[in-house]
Amino acid sequence: MPCNVVYNGGIPMFRKLVLAAALAAASFSAAAADKYEFDGGHTNVVFSWNHLGFSNPQARFTKFEGEVLLDTADLTKSSVNVTLPVDGLATDVPKFDEHLRSADFFDLAKFPTATFKSTKVEKAGDKKLKVSGDLTIHGVTKPVVLDVTVNAVGDHPMSKKPAAGFDASITVKRSDFGLGKFAPNVSDDVKIQITTELRKAGA
């Protein structure tokens, strides 16, 4: 018995049904991820390096913008997009801040921001995630993977509103981003550590 396929506008009906189902699934997935905002009072982005073998100074980004789309039922369906204005970089030593923002390093005048945009989130054990993404610093974009610890997800005990908390870390080579001045005497490896609390937008 011949199989009749109904065409509509040149597209087989069964293909249209498959496409509709895929779009519906994608819409459901997107709807499950809620927008969360950074709690500035409980978010720190700190990086550190070794100085001539004698010390391990730190600097931090005091400004951050962006959003996290969080699927609390399945964190692997979440995403993050963050911008770090370089003018918010601080070491508590004003002259050093100026040097880091100069053309010797971050070159604030030409590259005013650093960014991270996730491309994949994977489970990596109990309360552990691997977050892959594109890190852009000094106009150079490199793929990186953050090691993330899930601290807590649920209603905040004080606000009684949806919240989430994470720690993340990664080590990068600054020379990969054109920031290799004084290496290797000043370490090429730079460790970035992040802790953040997120609050559900509009909650």
# chains A, B, ... in the order shown; residues from 1 in each chain; ligands from 1
call {"tool": "residues_around", "arguments": {"residues": "Leu52 of chain A", "least_positions_apart": "3", "cutoff": "10 Å", "atoms": "only C-alpha atoms", "output": "ChimeraX atom specification"}}
result
/A:49,55-56,182-187
call {"tool": "residues_around", "arguments": {"residues": "Asp107 of chain A", "least_positions_apart": "2", "cutoff": "12 Å", "atoms": "only C-alpha atoms", "output": "list in words"}}
result
Pro85, Val86, Asp87, Leu89, Asp97, Glu98, His99, Leu100, Arg101, Ser102, Ala103, Asp104, Phe105, Ala109, Lys110, Phe111, Pro112, Thr113, Ala114, Ile137, His138, Gly139, Phe177, Gly178 and Leu179 of chain A
call {"tool": "closest_residue", "arguments": {"among": "A:His42, A:Glu65, A:Leu108, A:Arg199", "to": "Gly154 of chain A", "atoms": "only C-alpha atoms"}}
result
A:Arg199
call {"tool": "closest_residue", "arguments": {"among": "A:Ser159, A:Thr119, A:Asn151, A:Thr91", "to": "Ser48 of chain A", "atoms": "only C-alpha atoms"}}
result
A:Thr91
call {"tool": "select_by_dssp", "arguments": {"residues": "segment 43-109 of chain A", "states": "strand (DSSP E)", "output": "count of residues only"}}
result
24
call {"tool": "residues_around", "arguments": {"residues": "Thr72 of chain A", "least_positions_apart": "2", "cutoff": "9 Å", "atoms": "only C-alpha atoms", "output": "JSON, numbers by chain"}}
result
{"A": [32, 33, 34, 70, 74, 75, 77, 78, 153, 154, 164]}
call {"tool": "write_last_selection", "arguments": {"atoms": "N, CA, C and O atoms", "output": "compact mmCIF listing (two decimals), in the first residue's frame"}}
result
# COMPACT_ATOMS: atom_id res chain seq x y z
N ALA A 32 12.59 27.44 30.88
CA ALA A 32 12.96 26.87 32.18
C ALA A 32 14.13 27.62 32.81
O ALA A 32 14.35 27.51 34.00
N ALA A 33 14.88 28.35 32.01
CA ALA A 33 16.03 29.10 32.52
C ALA A 33 15.59 30.51 32.87
O ALA A 33 15.10 31.25 32.02
N ASP A 34 15.74 30.88 34.13
CA ASP A 34 15.35 32.20 34.60
C ASP A 34 16.56 33.13 34.69
O ASP A 34 17.68 32.68 34.96
N LEU A 70 19.63 30.78 34.53
CA LEU A 70 19.81 29.64 35.41
C LEU A 70 18.60 28.71 35.34
O LEU A 70 17.47 29.12 35.60
N ASP A 74 18.04 21.76 36.07
CA ASP A 74 19.13 21.14 35.33
C ASP A 74 20.16 22.22 35.02
O ASP A 74 20.05 22.93 34.02
N LEU A 75 21.14 22.34 35.88
CA LEU A 75 22.12 23.42 35.74
C LEU A 75 22.91 23.36 34.44
O LEU A 75 23.47 24.37 34.01
N LYS A 77 21.78 23.26 31.64
CA LYS A 77 21.06 24.06 30.65
C LYS A 77 21.16 25.56 30.92
O LYS A 77 20.44 26.35 30.33
N SER A 78 22.02 25.91 31.84
CA SER A 78 22.21 27.31 32.20
C SER A 78 23.28 27.96 31.34
O SER A 78 24.02 27.28 30.61
N VAL A 153 21.60 26.58 45.94
CA VAL A 153 20.55 27.02 45.02
C VAL A 153 19.21 26.85 45.74
O VAL A 153 18.89 25.75 46.21
N GLY A 154 18.46 27.93 45.86
CA GLY A 154 17.18 27.84 46.55
C GLY A 154 16.80 29.19 47.13
O GLY A 154 17.42 30.22 46.82
N ALA A 164 21.10 31.91 44.25
CA ALA A 164 22.07 30.86 43.96
C ALA A 164 23.46 31.38 44.27
O ALA A 164 23.70 32.59 44.21
call {"tool": "closest_residue", "arguments": {"among": "A:Gly202, A:Leu69, A:Asp134, A:Leu84", "to": "Val46 of chain A", "atoms": "only C-alpha atoms"}}
result
A:Leu84
call {"tool": "closest_residue", "arguments": {"among": "A:His156, A:Ala203, A:Phe106, A:Thr149", "to": "Glu37 of chain A", "atoms": "only C-alpha atoms"}}
result
A:Ala203
call {"tool": "closest_residue", "arguments": {"among": "A:Val93, A:Glu122, A:Gly133, A:Lys161", "to": "Pro57 of chain A", "atoms": "only C-alpha atoms"}}
result
A:Val93
call {"tool": "closest_residue", "arguments": {"among": "A:Val82, A:Phe64, A:Val148, A:Ser132", "to": "Asp167 of chain A", "atoms": "only C-alpha atoms"}}
result
A:Val148
call {"tool": "select_by_dssp", "arguments": {"residues": "segment 52-162 of chain A", "states": "helix (DSSP H, G or I)", "output": "PyMOL selection string"}}
result
chain A and resi 75-77+86-88+94-101
call {"tool": "atom_distance", "arguments": {"atom1": "atom CA of Leu129 of chain A", "atom2": "atom CA of Phe166 of chain A"}}
result
10.0 Å
call {"tool": "atom_distance", "arguments": {"atom1": "atom CA of Val80 of chain A", "atom2": "atom CA of Val190 of chain A"}}
result
21.6 Å
call {"tool": "atom_distance", "arguments": {"atom1": "atom CA of Tyr36 of chain A", "atom2": "atom CA of Glu197 of chain A"}}
result
9.5 Å
call {"tool": "residues_around", "arguments": {"residues": "Val121 of chain A", "least_positions_apart": "2", "cutoff": "6 Å", "atoms": "only C-alpha atoms", "output": "compact mmCIF listing (two decimals) with all heavy atoms, in the first residue's frame"}}
result
# COMPACT_ATOMS: atom_id res chain seq x y z
N THR A 76 22.97 22.20 33.80
CA THR A 76 23.71 22.08 32.53
C THR A 76 23.01 22.84 31.41
O THR A 76 23.60 23.05 30.34
CB THR A 76 23.89 20.62 32.13
OG1 THR A 76 22.62 20.02 31.84
CG2 THR A 76 24.60 19.82 33.21
N LYS A 130 31.70 21.94 35.08
CA LYS A 130 32.70 22.47 34.17
C LYS A 130 31.96 23.42 33.22
O LYS A 130 31.02 23.02 32.54
CB LYS A 130 33.36 21.35 33.35
CG LYS A 130 34.19 20.38 34.16
CD LYS A 130 35.54 20.95 34.52
CE LYS A 130 36.43 19.90 35.18
NZ LYS A 130 37.74 20.46 35.61
N VAL A 131 32.36 24.68 33.24
CA VAL A 131 31.72 25.68 32.39
C VAL A 131 32.70 26.12 31.32
O VAL A 131 33.70 26.79 31.61
CB VAL A 131 31.22 26.89 33.20
CG1 VAL A 131 30.59 27.92 32.28
CG2 VAL A 131 30.23 26.44 34.27
